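Asks: There's a structure below that I have some questions on.
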2 protein chains.
Amino acid sequence: MGALRLPSLTSLSSAAAAAAPRYHFYRQLCLPLRSVSAAKFSVQSSTVEKEIAATPPELEPTSQKPRLQPEKDRVITPRSQDFNAWYLDIIANAELADYGPVRGTMVIRPYGYAIWEAIQDYLNVKFKETGHSNMYFPQFIPYSFIEKEASHVEGFSPELALVTVGGGKELEEKLVVRPTSETIVNHMFTQWIHSYRDLPLMINQWANVTRWEMRTKPFVRTLEFLWQEGHTAHASPEEAEKEALQMIDVYTKFAYEQAAIPVVVGRKSKVETFAGASKTYTIEAMMGDRKALQAGTSHNLGQNFSRAFGTQFMDENGERQHVWQTSWAISTRFIGGIIMTHGDDAGLMLPPNLAPIQVIVVPIWKKADDKAGVLDAASSVKETLQAAGIRVKCDDAEQRTPGWKFNFWEMKGVPLRIEIGPRDVSNRSVVVCRRDIPGKQGKVFGISMESPTLVAYVKGKLDEVQSSLLESAKSFRDGNISDVSSYSELREAIAQGKWARGPWSASDDEELKVKEETGATIRCFPFEQPEGAKKCLMTGNPAEEVAIFAKSY
Amino acid sequence: MGALRLPSLTSLSSAAAAAAPRYHFYRQLCLPLRSVSAAKFSVQSSTVEKEIAATPPELEPTSQKPRLQPEKDRVITPRSQDFNAWYLDIIANAELADYGPVRGTMVIRPYGYAIWEAIQDYLNVKFKETGHSNMYFPQFIPYSFIEKEASHVEGFSPELALVTVGGGKELEEKLVVRPTSETIVNHMFTQWIHSYRDLPLMINQWANVTRWEMRTKPFVRTLEFLWQEGHTAHASPEEAEKEALQMIDVYTKFAYEQAAIPVVVGRKSKVETFAGASKTYTIEAMMGDRKALQAGTSHNLGQNFSRAFGTQFMDENGERQHVWQTSWAISTRFIGGIIMTHGDDAGLMLPPNLAPIQVIVVPIWKKADDKAGVLDAASSVKETLQAAGIRVKCDDAEQRTPGWKFNFWEMKGVPLRIEIGPRDVSNRSVVVCRRDIPGKQGKVFGISMESPTLVAYVKGKLDEVQSSLLESAKSFRDGNISDVSSYSELREAIAQGKWARGPWSASDDEELKVKEETGATIRCFPFEQPEGAKKCLMTGNPAEEVAIFAKSY
């Protein structure tokens, strides 16, 4: 295998990290907080070590994994020091994911999967509201299907996983494990669509997809990932265009309102358009290292697939026409985007709308006499919030200090913490602390623990955290986009790690030259365009639009 | 390929069916009822016919499919005449599923998928209530993993699909597309579990699985299917046993209360136990043709996989022990079980708790003057029911007659129909008709269309239909189980198409002999056992339990 090997989650830069300040967790191994941390990184048993010694190269080198062991301190590399190591440390420590045994595959652990479920819950409602039905297509696609649409096969054939043996026999035609489903969807649409009355046909599926990627990174790019893929067929190009725009709008609202990620929405350049699409719309997010992440796309497929698959309908005049199509997708990659947008040196920071746990209640006592009262109050606060539909957990484990718990739940990105001590119990009040504002600034004392007041206060605070995350991300983004009017300005902006925004009407070749020379690509021609006449930053010719260039994941 | 070919959905027994009474749909092709019937079976376009002519043998022979075409009448073969043709006709006509292009694969269409979503919604809540978290494991499993547990490899190796090429290169180790995940789960559990404090570890995943089956049938047995698979690890055999029993109980309640299927719950014989399990518990359902369907299983895996994968924990005394495990699953096969339990000659009959549409409202008018009033009333009745959380649809398509609509929605299995005509409008009342009681017996006139009365009435009726489906299925089941005390009685019962229940303590070989000679297998040793001394029906030796023998899917 010539495949590049993914560095193991925590094997990077341990020397450098050792010299830097560290955030400590796991002072001692006691009763774990079972619902979220029952499974952890680990010492390998000797049996398993033997197993690893015999591991073929295709397998992940698990023996490198446990830099950090649960019985000792856990650290998160500071973000400023090594963004990639920080990212992998968060994934490991917050138990979002782990490597699968096959190179480039990922196990999504309960805490990470709960974020995906929150994404699904929101999008599923929006997809149904906009007239789409869920269904399921088989994942095995005859190889010949992939070859039917010329640019599609060119784009996807280097990344295919092929099933060649089934039930002990060599297959006559090898099967592709779906990298995306346009081909099989069109094969079926061709059988289901006859007349204009069958249109629009609007469906979605939640599924796993496989792309044999060489450079992988948990959530951001994995050999197998989870996504939803919408597929629609329409009677006119206008309807297809409207649908493609409608769905990128659903994604944009989701990013802003749920994930607190201020994406830039726009159109891809021809070079960056999806293999088989006429137009690709995209939402591009700026990560904490200022690289761009393509976080969702919506394609106007035109008649490319319908012509390749003969997907026709009889129009109102009795004439046969090819349908006009769209497809659109968001994947588990989005979770990577959330981590890299909001996280800080203390760990994950989750937007309240998607956080599996929105509020962590930490009871605090020293004297045995106080214990029962504090625990009672904590448990009743938890019940109160739960009854109001807030996702809340009470951490009453006795083997951890309050300080350890504060660090731990901050690292897990829980938006609000409620502290309850003996004095709070006698005052019938609690202390509320925000994850996004560290220390005393984020702490408010004396909030009543009675139901209507507390619930209203907590809901209000969750909304505040949600908006505040969006605002910080927005000002970070805006502070890191440079308007450029020449190639040298573009180069400088990119060299500084920023996004460069400037007028562009140059050729595909010149776009590729920029990529070669600076590492940046056109992320999109944003929908939001400055007014007035523009000159191409590269050629000086008139340009109709500005483009955004950036390095990306 | 030596694979047996799946007969196409509607290609069976057309000659026989032609001689029998038929239920007619699609009198004329007009505006379709888009949300549920936008995509239909079809005339093949000439492009596609060419495609099919060149189809390699691995592909489904789609050219045989459209026995029935949407522009003409659709028929459902009577159930009594040909159960299999009836089943396939329902799947095609109710648009539950279609064949995928690869032999034995299935496309789950929106109406079928909505049933699966209802199943998921219910079970997901129960799994979380019983302490399980959802997560996701990669579907590619190194081949060597499958070989580690001896009986597991023996059971699964004939059914594996293998990926041998990735990213254009031959892989050094071939990858199994998961047929089930015990091996990869144990590989990960071994890394996550260290001490008794990490136990129990209780997870579930919703996923697709692949088994290279030779004889396939939509929903019941397909090359790829959807399921959930729960996996747990415990510190003691007692806990594992308790968990395995708890989960078969969750399935049993689901079958009775949601699907209205009176399953028999029990333990599998050694011969029929899951490959790799110590004990398998099962729920067995009697289909309309009296064959048994294994509808869900829960396995006590003992230490079989933990020993094979070295999944150990340090117990409270500081000693290393192998964990005790369970796994349990329900799949899209269950949808096949619902069809074959409740359906009748008119089509599908869905239990209200799982029906995507619980109530269909059909406005009826002849004179143009009446139209507006009737449509208004229908739409307001729909709103009223929807606001009360009832899944309701109003079929106001003008191009279909009321009679056509009655047949169509009966065929789709909608539990209740509400008819509203001009007279009902003036009386402010509606007519409510039950799917499960045909004709006048199932019709009640003069139900007030005002909100509290109507909602209460409809909810009550839905509950009645739900119980009534369960009761009919129960009496059908009980009328078709024969108590037998000798092998000849067993043979006779099986020959009559019944289930045979009798004391059994004979050998595995004798069990296999029964299978060879009668086609019946032990479905289970039911939990519900008759009291008193028993003698094995085969050997006359003392027996502790009765077993149920039946032919099965």
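Chain labels run A, B, ... following the order of the structure tokens; each chain numbers its residues from 1, and ligands are numbered from 1 in the order shown.
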After a least-squares superposition of chain A on chain B over all Cα atoms matched in order, what is the RMSD to one decimal?
Replies: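 The optimal C-alpha superposition leaves an RMSD of 0.1 Å.
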Asks: Fewer than 5 positions away in the same chain doesn't count, so skip those; otherwise give me all residues within 9 Å of range 350-362 of chain A, counting only C-alpha atoms, as JSON, numbers by chain.
Replies: {"A": [111, 112, 114, 115, 116, 117, 118, 119, 257, 258, 259, 260, 338, 339, 342, 343, 378, 379, 381, 382, 385, 390, 391, 392, 393, 394, 395, 396, 402, 405, 406, 409, 412, 413, 414, 415, 416, 417, 418, 419, 420, 421, 435, 458, 462, 463, 465, 466, 467, 469, 470]}
Asks: Quote the spacing between CA of Thr232 in chain A and CA of Leu123 in chain A in Å to one decimal place.
Replies: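 So the two atoms, CA of Thr232 in chain A and CA of Leu123 in chain A, lie 16.4 Å apart.
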